[in-house]
Amino acid sequence: MNKVGEFYAPGKIIFGPGGLSQVGAEAKRLGSKALVVLGRSAMRKSGTLGRLIHLLIENNLEYTIYENIPSDPTIETVDTGTSLARKENCNLVIALGGGSVLDTGKAISAMVTNKGSLADYQEIEGKGRKFQHKPIPFIAIPTTSGTGSEATKNAVITNTEFRLKKSIRDPWLIPKVALVDPELILSLPPHITADCGGDALTQCIESYLGKKSQEITDALALHAIGLIGKSLVKAVKEGKNLEARKDMAMAALLSGLCLSNSGLGAVHALSHPLGVFYKIPHGLSCAVLLPYVMEYNLPVVTKRLAKIAECLGENISLLSETEAAQRAVDKVKEILSQAGIKSNLSEWEIKKEDFSQLIKGAKGGSLNNNPRDTSNEDLIELLYKMTGLY
Ligand SMILES: [Zn+2]
């Protein structure tokens, strides 16, 4: 195939246990006053925030805190943070938290230098402005291993007016520094570890199978899939296992590089409206949906699925290509089930009456990148299976 690929990555990636200690020097290099964006209280308990602030002060940086970012940040969340950053003359944004916090920080860093509301830049109903000015520098410090937001040009923000969760994409949004310290992830509870790991796995698989897949992200995706196969269940069951946490943090980072450059697929397309309508955590819906979509895609990406089976440690030498591809689906189901992920979304009581709205919300870039095209009937069929309404 003669596709032209493009690959963007953060200006600098710092990875490893104890990496947080470099935040002061990095911040000093990039600005003088930081807006520190945080989620709800978790980080405070573990003392990480205290360490971060100490490192900023030690490097003579000023800071302002913008906290309590919700798990589904909205346009208002970003606009309020932007006003605060402007009022306080911040010339740098540091976000410490999960994907929602990082996406919020990222969007604020762009809105500080661009006019209007973030809503003006979302692609909804054919509209959506491009950023005119470079964002202020942004340092992303993840405390979960999932979205890979620390490495992406995407910020997923909910637009409550249109009841849509939409990704804003721009290479300018890629963090200047992605600081990934696996020690910060040691206290993540098992169910969130499982959901986030399921998200990272989905991101790698969707970008590897997608229409825009390219050689650089293929290599990263396959490596990350292997790491997840090796360490997701361990990270869920033995939270303090630094080796397993390191593997998952690396896999999540790589999954971000993959999705940001090669796109996603039908799992993510359907997960966004499920998040808006039923508040299902993003990672969880991705993890549950993943095997169904892999099975749906199997006829058109058989060879690639067989490769995934191999990366997950399966011996496929005696199997036909189709059998090997099916083995990938089965192995993914097994790993997710061992991590505690349910096999469908029945407990969320998704209603048939909402299907047409869910499908409407699923349309867009991710769905277009799915290797096998989907008609509305196909999506209805998938929703029936995933929701347990069959
Ligand atoms: Zn995701």
# chains A, B, ... in the order shown; residues from 1 in each chain; ligands from 1
>>> residues_around(residues="A:Asn297", least_positions_apart="6", cutoff="9 Å", atoms="only C-alpha atoms", output="list in words")
Leu209, Asn370, Pro371, Arg372 and Asp373 of chain A
>>> residues_near_ligand(ligand="ligand 1", cutoff="7 Å", atoms="only C-alpha atoms and all ligand atoms", output="VMD selection string")
chain A and resid 147 199 to 200 202 to 203 268 282 to 283 286
>>> residues_around(residues="A:Met111", least_positions_apart="3", cutoff="10 Å", atoms="only C-alpha atoms", output="PyMOL selection string")
chain A and resi 78-79+81-83+85-86+105-108+114-118+121+131+133-136
>>> residues_around(residues="A:Ile380", least_positions_apart="4", cutoff="9 Å", atoms="only C-alpha atoms", output="MDAnalysis selection string")
chainID A and resid 355:356 359 375:376 384:385
>>> select_by_dssp(residues="stretch 60-254 of chain A", states="strand (DSSP E or B)", output="PyMOL selection string")
chain A and resi 62-66+74+92-97+124+127+138-142+154-159+164-169+177-180
>>> closest_residue(among="A:Thr143, A:Ser213, A:Ser187, A:Thr302", to="A:Leu242", atoms="only C-alpha atoms")
A:Ser187
>>> closest_residue(among="A:Thr144, A:Asn369, A:Ser32, A:Asn261", to="A:Asp170", atoms="only C-alpha atoms")
A:Asn261
>>> atom_distance(atom1="atom CA of A:Ala362", atom2="atom CA of A:Ala140")
27.7 Å
>>> closest_residue(among="A:Ala178, A:Leu383, A:Ile69, A:Val301", to="A:Ala27", atoms="only C-alpha atoms")
A:Ala178
>>> residues_around(residues="A:Ile205", least_positions_apart="3", cutoff="9 Å", atoms="only C-alpha atoms", output="PyMOL selection string")
chain A and resi 200-202+208-210+221-222+225+255+264+290+294+305+308
>>> write_last_selection(atoms="N, CA, C and O atoms", output="PDB file, in the first residue's frame")
ATOM      1  N   ALA A 200      -5.724   1.448  26.993  1.00  0.00           N
ATOM      2  CA  ALA A 200      -4.420   1.442  26.295  1.00  0.00           C
ATOM      3  C   ALA A 200      -4.362   0.299  25.279  1.00  0.00           C
ATOM      4  O   ALA A 200      -3.903   0.485  24.145  1.00  0.00           O
ATOM      5  N   LEU A 201      -4.860  -0.864  25.684  1.00  0.00           N
ATOM      6  CA  LEU A 201      -4.859  -2.019  24.777  1.00  0.00           C
ATOM      7  C   LEU A 201      -5.718  -1.714  23.541  1.00  0.00           C
ATOM      8  O   LEU A 201      -5.318  -1.981  22.401  1.00  0.00           O
ATOM      9  N   THR A 202      -6.871  -1.128  23.787  1.00  0.00           N
ATOM     10  CA  THR A 202      -7.770  -0.780  22.674  1.00  0.00           C
ATOM     11  C   THR A 202      -7.092   0.206  21.723  1.00  0.00           C
ATOM     12  O   THR A 202      -7.165   0.065  20.503  1.00  0.00           O
ATOM     13  N   TYR A 208      -3.385  -0.084  15.194  1.00  0.00           N
ATOM     14  CA  TYR A 208      -2.666  -1.099  14.404  1.00  0.00           C
ATOM     15  C   TYR A 208      -3.560  -1.681  13.303  1.00  0.00           C
ATOM     16  O   TYR A 208      -3.085  -2.000  12.212  1.00  0.00           O
ATOM     17  N   LEU A 209      -4.854  -1.794  13.594  1.00  0.00           N
ATOM     18  CA  LEU A 209      -5.768  -2.375  12.595  1.00  0.00           C
ATOM     19  C   LEU A 209      -6.371  -1.317  11.670  1.00  0.00           C
ATOM     20  O   LEU A 209      -6.922  -1.646  10.621  1.00  0.00           O
ATOM     21  N   GLY A 210      -6.267  -0.058  12.063  1.00  0.00           N
ATOM     22  CA  GLY A 210      -6.986   1.009  11.365  1.00  0.00           C
ATOM     23  C   GLY A 210      -6.469   1.313   9.959  1.00  0.00           C
ATOM     24  O   GLY A 210      -5.357   0.921   9.588  1.00  0.00           O
ATOM     25  N   ALA A 221       2.870  -0.169  18.542  1.00  0.00           N
ATOM     26  CA  ALA A 221       1.635  -0.840  18.986  1.00  0.00           C
ATOM     27  C   ALA A 221       1.922  -2.294  19.351  1.00  0.00           C
ATOM     28  O   ALA A 221       1.500  -2.772  20.412  1.00  0.00           O
ATOM     29  N   LEU A 222       2.670  -2.982  18.508  1.00  0.00           N
ATOM     30  CA  LEU A 222       2.926  -4.404  18.785  1.00  0.00           C
ATOM     31  C   LEU A 222       3.748  -4.574  20.056  1.00  0.00           C
ATOM     32  O   LEU A 222       3.492  -5.462  20.864  1.00  0.00           O
ATOM     33  N   ILE A 225       1.361  -3.918  22.961  1.00  0.00           N
ATOM     34  CA  ILE A 225       0.400  -5.024  23.152  1.00  0.00           C
ATOM     35  C   ILE A 225       1.085  -6.159  23.931  1.00  0.00           C
ATOM     36  O   ILE A 225       0.497  -6.737  24.845  1.00  0.00           O
ATOM     37  N   SER A 255       0.660   3.820  23.428  1.00  0.00           N
ATOM     38  CA  SER A 255      -0.700   3.811  22.852  1.00  0.00           C
ATOM     39  C   SER A 255      -1.116   5.225  22.450  1.00  0.00           C
ATOM     40  O   SER A 255      -1.816   5.425  21.462  1.00  0.00           O
ATOM     41  N   LEU A 264      -7.998   5.886  15.581  1.00  0.00           N
ATOM     42  CA  LEU A 264      -8.626   4.826  16.368  1.00  0.00           C
ATOM     43  C   LEU A 264      -9.641   4.066  15.513  1.00  0.00           C
ATOM     44  O   LEU A 264      -9.453   3.958  14.310  1.00  0.00           O
ATOM     45  N   LEU A 290     -14.055  -3.881  23.083  1.00  0.00           N
ATOM     46  CA  LEU A 290     -12.932  -4.289  22.224  1.00  0.00           C
ATOM     47  C   LEU A 290     -13.076  -5.664  21.553  1.00  0.00           C
ATOM     48  O   LEU A 290     -12.971  -5.756  20.326  1.00  0.00           O
ATOM     49  N   MET A 294     -13.196  -6.406  17.504  1.00  0.00           N
ATOM     50  CA  MET A 294     -12.139  -7.228  16.890  1.00  0.00           C
ATOM     51  C   MET A 294     -12.778  -8.355  16.068  1.00  0.00           C
ATOM     52  O   MET A 294     -12.368  -8.629  14.942  1.00  0.00           O
ATOM     53  N   LEU A 305      -4.511  -9.469  12.925  1.00  0.00           N
ATOM     54  CA  LEU A 305      -4.976 -10.040  14.192  1.00  0.00           C
ATOM     55  C   LEU A 305      -4.114 -11.249  14.575  1.00  0.00           C
ATOM     56  O   LEU A 305      -3.813 -11.463  15.754  1.00  0.00           O
ATOM     57  N   ILE A 308      -1.192 -10.036  16.296  1.00  0.00           N
ATOM     58  CA  ILE A 308      -1.503  -9.643  17.684  1.00  0.00           C
ATOM     59  C   ILE A 308      -1.504 -10.882  18.589  1.00  0.00           C
ATOM     60  O   ILE A 308      -0.985 -10.850  19.707  1.00  0.00           O
TER      61      ILE A 308
END
>>> atom_distance(atom1="atom CA of A:Asn68", atom2="atom CA of A:Pro190")
22.0 Å
>>> residues_around(residues="A:Tyr278", least_positions_apart="2", cutoff="8 Å", atoms="only C-alpha atoms", output="MDAnalysis selection string")
chainID A and resid 274:276 280 348 350
>>> atom_distance(atom1="atom CA of A:Ala219", atom2="atom CA of A:Leu173")
23.6 Å
>>> closest_residue(among="A:Ala309, A:Cys258, A:Gly198, A:Glu238", to="A:Glu215", atoms="only C-alpha atoms")
A:Cys258
>>> select_by_dssp(residues="stretch 36-168 of chain A", states="alpha helix (DSSP H)", output="NGL selection string")
:A and (42-46 or 48-58 or 75-87 or 99-111)
>>> residues_around(residues="A:Ser337", least_positions_apart="6", cutoff="12 Å", atoms="only C-alpha atoms", output="NGL selection string")
:A and (191 or 194-195 or 198 or 232-233 or 236 or 284 or 287-288 or 291 or 330-331 or 343-344)
>>> closest_residue(among="A:Pro70, A:Gly16, A:Gly97, A:Gly361", to="A:Ile139", atoms="only C-alpha atoms")
A:Gly97
>>> closest_residue(among="A:Ile228, A:Leu298, A:Val180, A:Leu389", to="A:Ile335", atoms="only C-alpha atoms")
A:Ile228
